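Undergrad: Quick one: the structure is below, and I'll ask about it shortly.
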Amino acid sequence: MTTTLTSDPAGPATTGTVTRLLQRQILPTDGDLEVFPLYVDPEAAILDADKYEVGANKQARDLNAFQMRQSIASGKTIHPDQILSRTALRLDEGESISFGTYFNAFPASYWRRYTVVSSVSLAITLTGQEARVVVYKSTANGRTQQVDSAATGSEGGRTTFTFDLTLKPFVDGGWYWYDVIASDHEVVVESAEWTAQVPADRAEHGTVDMCITTMNRPDFCAKLLGQLGEDDVLRPYLDTVYVMEQGTQLVKDSEFFPAAEEALGGVLTVLEQGNLGGSGGYARGQLESLRKGTATYALMMDDDVICEPEGIVRSVTFGDLCRKPTLVGGHMFNIYARAQLHSFGEVVQPYTFWWGSAPGVFGNWDFSARNLRSTRWLHKRVDVDYNGWFMCLIPRQVIAEIGLSLPLFLKWDDSEYGLRAKEAGFPTVSLPGAAVWHVPWTDKNDALDWQSYFHHRNRFVAALLHSIYPHGGRMVMESFNHQVKHLVSMQYSTVAIRHQALLDVLEGPQALHDALPTKLPEIRSYATQFQDARLETDRDAFPPVRRHKPPRKGRGDDDVLKGWEVRLAALKAPLRQLRKPRDLSKAYPEAELPAMDSQWYRITKYDSAIVSMNDGQSATFLQRDPQLFKELLKKTVEIHARFRREWPRLAEEYRAALGDITSPEAWEQTFRPWTEASDE
């Protein structure tokens, strides 16, 4: 570490700057070829079209979006033997490689926008003869510009090149990166480090309390702990690793746990408690971190992830150098397709109060098909409202000022916390180069099963707390529309569960803590009275498909409908509910629909159907019931009318109670049955 002292004209005291490492070159060490495109890139850059070149024509925009998704990769890659260490890569003669990748490019615009850093130095160490390194930057719309270059001599040996780089041009977006070209000789890229001069009072890095909530994933969680403990660079950053054990299959019973426990040494603490959901687990970690008071940050992380430990180090470093306390989140890659970026930046749309990708972001982006340098949208800085708690760093100061998680069990706890922090003046940054691999949302059934209760209830709670529109904007009307959609789709249990969610919101905020340990079994038990909630893993558990007459002209039911066809289906669907179901449909399904083709406008054509779930593990037998439809529709109208009337009162009530229900004292009461048992 280099220290530069300068005089302070305000007095005899001195101020200083120190050199801090911001980011280093890293390489994968597990030999998984699938992730190589996230670290190194031997492919050419072919930038997609600018949106202003494409124009406003919808057909042209759709075609451009389609073309952007098409692979431009030639299949060129590196051999695993070329990876010599965590930081060193060997290039054979004549090869070239770009480090303009997700994990090795430098996200300059994020550092410029949120931190005290105004310029960086890049030091690259090469071993080999006549090798060339070229430094590039990009603009916010993806155009590449060469910044500088250097070359090793004919004598070979080990050479370090240093490039001083300003962050001034990165107001709206852009990255720095470097390419290395070997000539007629082999070259080894030993290392590369991005450093900056920062104020002396920011010389030391912060420390982090890891908060991992787990339930019945012992092996997954134990392997994650092993990852954290085995990384020598990460270890100095770890204050405590908290595992909130909420299941019956305990992480300590995993065959992988002893090695993980030994690797983590004395920093691992496993806390056992009842199933209080993700919010109950994370709140326990936040509370323990706050009360202990020794770590700079608490890091929320899921138990079912594969972690890139370097991302935690980068998050801490970024947080240390932010101008104000900032929540620093990581991105999510698909654990089943590891080069696919599933979530890059999330916002809550204020009028509809739905979460989703930030404007301009493409979901499920495959870096093995189109690299970073070829993808224009990735170069614009993406500002977010929140970051998912699959990986999110929260300063202890923020927790002390705005409180702990809401007691929501699961869903919307992370997004509500980001909105709450934002209103208090603490931004959230989803930092490129910090990420985990996680099961994608598309592989879950959370819109239909018991999770739909928490989705619906918690979304309304969050909107009552943070919506800037009277009556929550489109919240009430959109909720009503979705209830009708589920009704015409014969998903009666989902409608009933969502009714209960809204009725519980009307009970007020004080009921949230009391319901935390009991609501899940109540909802599961309540749902079992409905036919559609009974899932079967064996297809033969259902009757065979039989129809009153064959499909018209033998047509299938997997076509993509035009817009007018969907609108026509919406008009016809409620009218069909007035008709008596066909007799045969009471005993036999009229169709069998895979999850990918189970849109409401398909389901509503039938009086009964077998529909598989998104997780691919089970299916349900849907049957139309006109009487139940009428009863649930009547209740739907009544509840939503009541919400429309009572929204102002409810919003005032929830906002007044927010400080109390998220306080450490309130959470201590909720945790008391387990903390007292632990003390005993």
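Letters A, B, ... mark the chains of the structure tokens in the order given; residue numbers begin at 1 per chain; ligand numbers begin at 1, in order shown.
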For Leu658 in chain A, please output as an MDAnalysis selection string all residues within 9 Å (counting only C-alpha atoms; exclusion window: fewer than 2 positions along the same chain).

TA: chainID A and resid 403 406 465 509 653:656 660:663

Undergrad: Excluding range 500-506 of chain A and its own-chain neighbours fewer than 2 positions away, which residues fall within 8 Å of it when counting only C-alpha atoms? Please give them as a list in words.

TA: Tyr453, Phe454, His456, Arg457, Phe460, Val461, Ala496, Ile497, Arg498, Gly508, Pro509, Ile639, Phe643 and Leu650 of chain A

Undergrad: Selected residues, N, CA and C atoms, written as a compact mmCIF listing (two decimals), in the first residue's frame, please.

TA:
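Just written: part-v1.txt:
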```
# COMPACT_ATOMS: atom_id res chain seq x y z
N TYR A 453 -50.03 -16.69 -1.92
CA TYR A 453 -50.54 -15.93 -0.78
C TYR A 453 -49.54 -14.84 -0.40
N PHE A 454 -48.28 -15.23 -0.23
CA PHE A 454 -47.27 -14.27 0.21
C PHE A 454 -46.95 -13.25 -0.87
N HIS A 456 -49.07 -12.03 -3.01
CA HIS A 456 -50.15 -11.07 -3.09
C HIS A 456 -50.22 -10.19 -1.84
N ARG A 457 -50.19 -10.82 -0.69
CA ARG A 457 -50.26 -10.06 0.56
C ARG A 457 -49.10 -9.07 0.67
N PHE A 460 -49.14 -6.00 -1.64
CA PHE A 460 -50.07 -4.97 -1.17
C PHE A 460 -49.50 -4.23 0.05
N VAL A 461 -48.85 -4.96 0.95
CA VAL A 461 -48.23 -4.31 2.10
C VAL A 461 -47.16 -3.32 1.64
N ALA A 496 -58.82 -18.30 -3.95
CA ALA A 496 -59.18 -18.31 -2.53
C ALA A 496 -58.00 -17.90 -1.65
N ILE A 497 -56.81 -18.37 -2.00
CA ILE A 497 -55.61 -18.00 -1.24
C ILE A 497 -55.35 -16.51 -1.34
N ARG A 498 -55.52 -15.96 -2.53
CA ARG A 498 -55.29 -14.53 -2.72
C ARG A 498 -56.37 -13.70 -2.01
N GLY A 508 -54.45 -5.28 9.30
CA GLY A 508 -53.52 -4.29 9.80
C GLY A 508 -52.12 -4.84 10.01
N PRO A 509 -51.14 -3.96 10.22
CA PRO A 509 -49.73 -4.36 10.26
C PRO A 509 -49.33 -5.14 11.50
N ILE A 639 -64.27 -7.78 -1.92
CA ILE A 639 -62.98 -7.48 -1.30
C ILE A 639 -62.29 -6.32 -1.99
N PHE A 643 -61.19 -2.65 -0.59
CA PHE A 643 -59.82 -2.12 -0.65
C PHE A 643 -59.81 -0.74 -1.29
N LEU A 650 -55.70 2.53 5.33
CA LEU A 650 -54.72 1.46 5.47
C LEU A 650 -53.30 1.96 5.26
```

Undergrad: With only C-alpha atoms as the counted atoms, please give the residues lying no more than 12 Å from Trp354 in chain A, apart from itself and same-chain residues fewer than 4 positions off, as a VMD selection string.

TA: chain A and resid 346 to 350 358 385 412 415 to 416 455 to 456 458 to 460 462 to 463 467 472 to 475 478 to 479

Undergrad: Where does range 22-100 of chain A meet range 298-322 of chain A within 10 Å, residue by residue, with the nearest atom pair and distance in Å to one decimal for each, counting only C-alpha atoms, listed by chain and rising number, as a Markdown table?

TA:
```
| residue | atom | partner | partner_atom | distance |
| --- | --- | --- | --- | --- |
| A:Leu22 | CA | A:Thr317 | CA | 6.4 |
| A:Gln23 | CA | A:Arg314 | CA | 6.5 |
| A:Arg24 | CA | A:Glu310 | CA | 8.9 |
| A:Gln25 | CA | A:Glu310 | CA | 9.9 |
| A:Ile26 | CA | A:Glu310 | CA | 8.1 |
| A:Pro28 | CA | A:Glu308 | CA | 9.0 |
```

Undergrad: What lies within 9 Å of Gly277 in chain A using only C-alpha atoms, ignoring chain neighbours under 5 positions off, as a list of chain:residue names?

TA: A:Thr213, A:Met215, A:Gln246, A:Tyr282, A:Pro407, A:Leu408, A:Phe409, A:Leu410, A:Leu516, A:Pro517

Undergrad: Give the answer as one residue: which of A:Met477, A:Leu290, A:Pro664, A:Ala88 has the shortest atom-to-atom distance to Ala641 in chain A, using only C-alpha atoms?

TA: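 The shortest atom-to-atom distance to Ala641 in chain A comes from A:Met477.
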
Undergrad: Got a sec: who's within 7 Å of Met244 in chain A, counting only C-alpha atoms, leaving out chain neighbours fewer than 5 positions off, as a ChimeraX atom specification?

TA: /A:212-214,270-272,281

Undergrad: Keeping N, CA and C atoms, export the residues of the selection given above as a compact mmCIF listing (two decimals), in the first residue's frame.

TA:
```
# COMPACT_ATOMS: atom_id res chain seq x y z
N ILE A 212 -27.03 -16.23 5.95
CA ILE A 212 -27.52 -17.26 5.04
C ILE A 212 -28.69 -17.98 5.70
N THR A 213 -29.84 -17.87 5.11
CA THR A 213 -31.03 -18.57 5.61
C THR A 213 -31.17 -19.89 4.87
N THR A 214 -31.35 -20.98 5.61
CA THR A 214 -31.45 -22.28 4.96
C THR A 214 -32.59 -23.09 5.53
N VAL A 270 -24.06 -21.25 13.64
CA VAL A 270 -25.33 -21.80 13.16
C VAL A 270 -26.39 -21.55 14.21
N LEU A 271 -27.46 -20.86 13.81
CA LEU A 271 -28.56 -20.51 14.72
C LEU A 271 -29.80 -21.28 14.29
N GLU A 272 -30.33 -22.10 15.16
CA GLU A 272 -31.51 -22.89 14.84
C GLU A 272 -32.77 -22.18 15.35
N GLY A 281 -35.44 -15.38 8.59
CA GLY A 281 -34.04 -15.78 8.65
C GLY A 281 -33.11 -14.59 8.48
```

Undergrad: Excluding Ala570 in chain A and residues on its chain fewer than 2 positions from it, collect all residues at most 10 Å away from it, counting only C-alpha atoms, and give them as a PyMOL selection string.

TA: chain A and resi 484-485+488+564-568+572-575+600-601+604

Undergrad: Between CA of Ser109 in chain A and CA of Leu378 in chain A, what is the distance in Å, rounded to a tenth?

TA: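 So the answer is 11.4 Å.
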
Undergrad: I'd like the neighbourhood of Phe161 in chain A as a list of chain:residue names, where a residue qualifies if any of its atoms comes within 7 Å (using only C-alpha atoms), though same-chain residues fewer than 5 positions away should be ignored.

TA: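 Returned residues: A:Ala123, A:Ile124, A:Thr125.
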
Undergrad: Can I get the selection written as a PDB file, in the first residue's frame, with N, CA and C atoms?

TA:
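Ended up saving to part-v5.pdb:
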```pdb
ATOM      1  N   ALA A 123      -2.663  -2.056 -13.793  1.00  0.00           N
ATOM      2  CA  ALA A 123      -1.326  -2.653 -13.877  1.00  0.00           C
ATOM      3  C   ALA A 123      -1.463  -4.083 -14.382  1.00  0.00           C
ATOM      4  N   ILE A 124      -0.856  -4.370 -15.528  1.00  0.00           N
ATOM      5  CA  ILE A 124      -0.943  -5.690 -16.147  1.00  0.00           C
ATOM      6  C   ILE A 124       0.463  -6.281 -16.219  1.00  0.00           C
ATOM      7  N   THR A 125       0.617  -7.498 -15.743  1.00  0.00           N
ATOM      8  CA  THR A 125       1.918  -8.164 -15.755  1.00  0.00           C
ATOM      9  C   THR A 125       1.888  -9.310 -16.753  1.00  0.00           C
TER      10      THR A 125
END
```

Undergrad: Could you check which of A:Arg373, A:Arg672, A:Lys223, A:Lys519 is closest to Ala44 in chain A, using only C-alpha atoms?

TA: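 Of A:Arg373, A:Arg672, A:Lys223, A:Lys519, the one nearest Ala44 in chain A is A:Arg373, counting only C-alpha atoms.
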
Undergrad: If DSSP is run on the backbone, what residues of range 193-430 of chain A are alpha helix (DSSP H)? A reply as a PyMOL selection string would be ideal.

TA: chain A and resi 218-230+257-264+277-292+309-321+396-402+413-423

Undergrad: Quick one: pick out all strand (DSSP E) residues within range 426-511 of chain A from a backbone DSSP run and write them as a list of chain:residue names.

TA: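 In range 426-511 of chain A, DSSP puts these residues in strand (DSSP E): A:Thr428, A:Val429, A:Ser430, A:Leu431, A:Pro432, A:Gly433, A:Ala434, A:Ala435, A:Val436, A:Trp437, A:His438.
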
Undergrad: Which residue out of A:His79, A:Arg20, A:Lys51, A:Lys137 has the minimum interatomic distance to Glu193 in chain A when only C-alpha atoms are used?

TA: A:Arg20
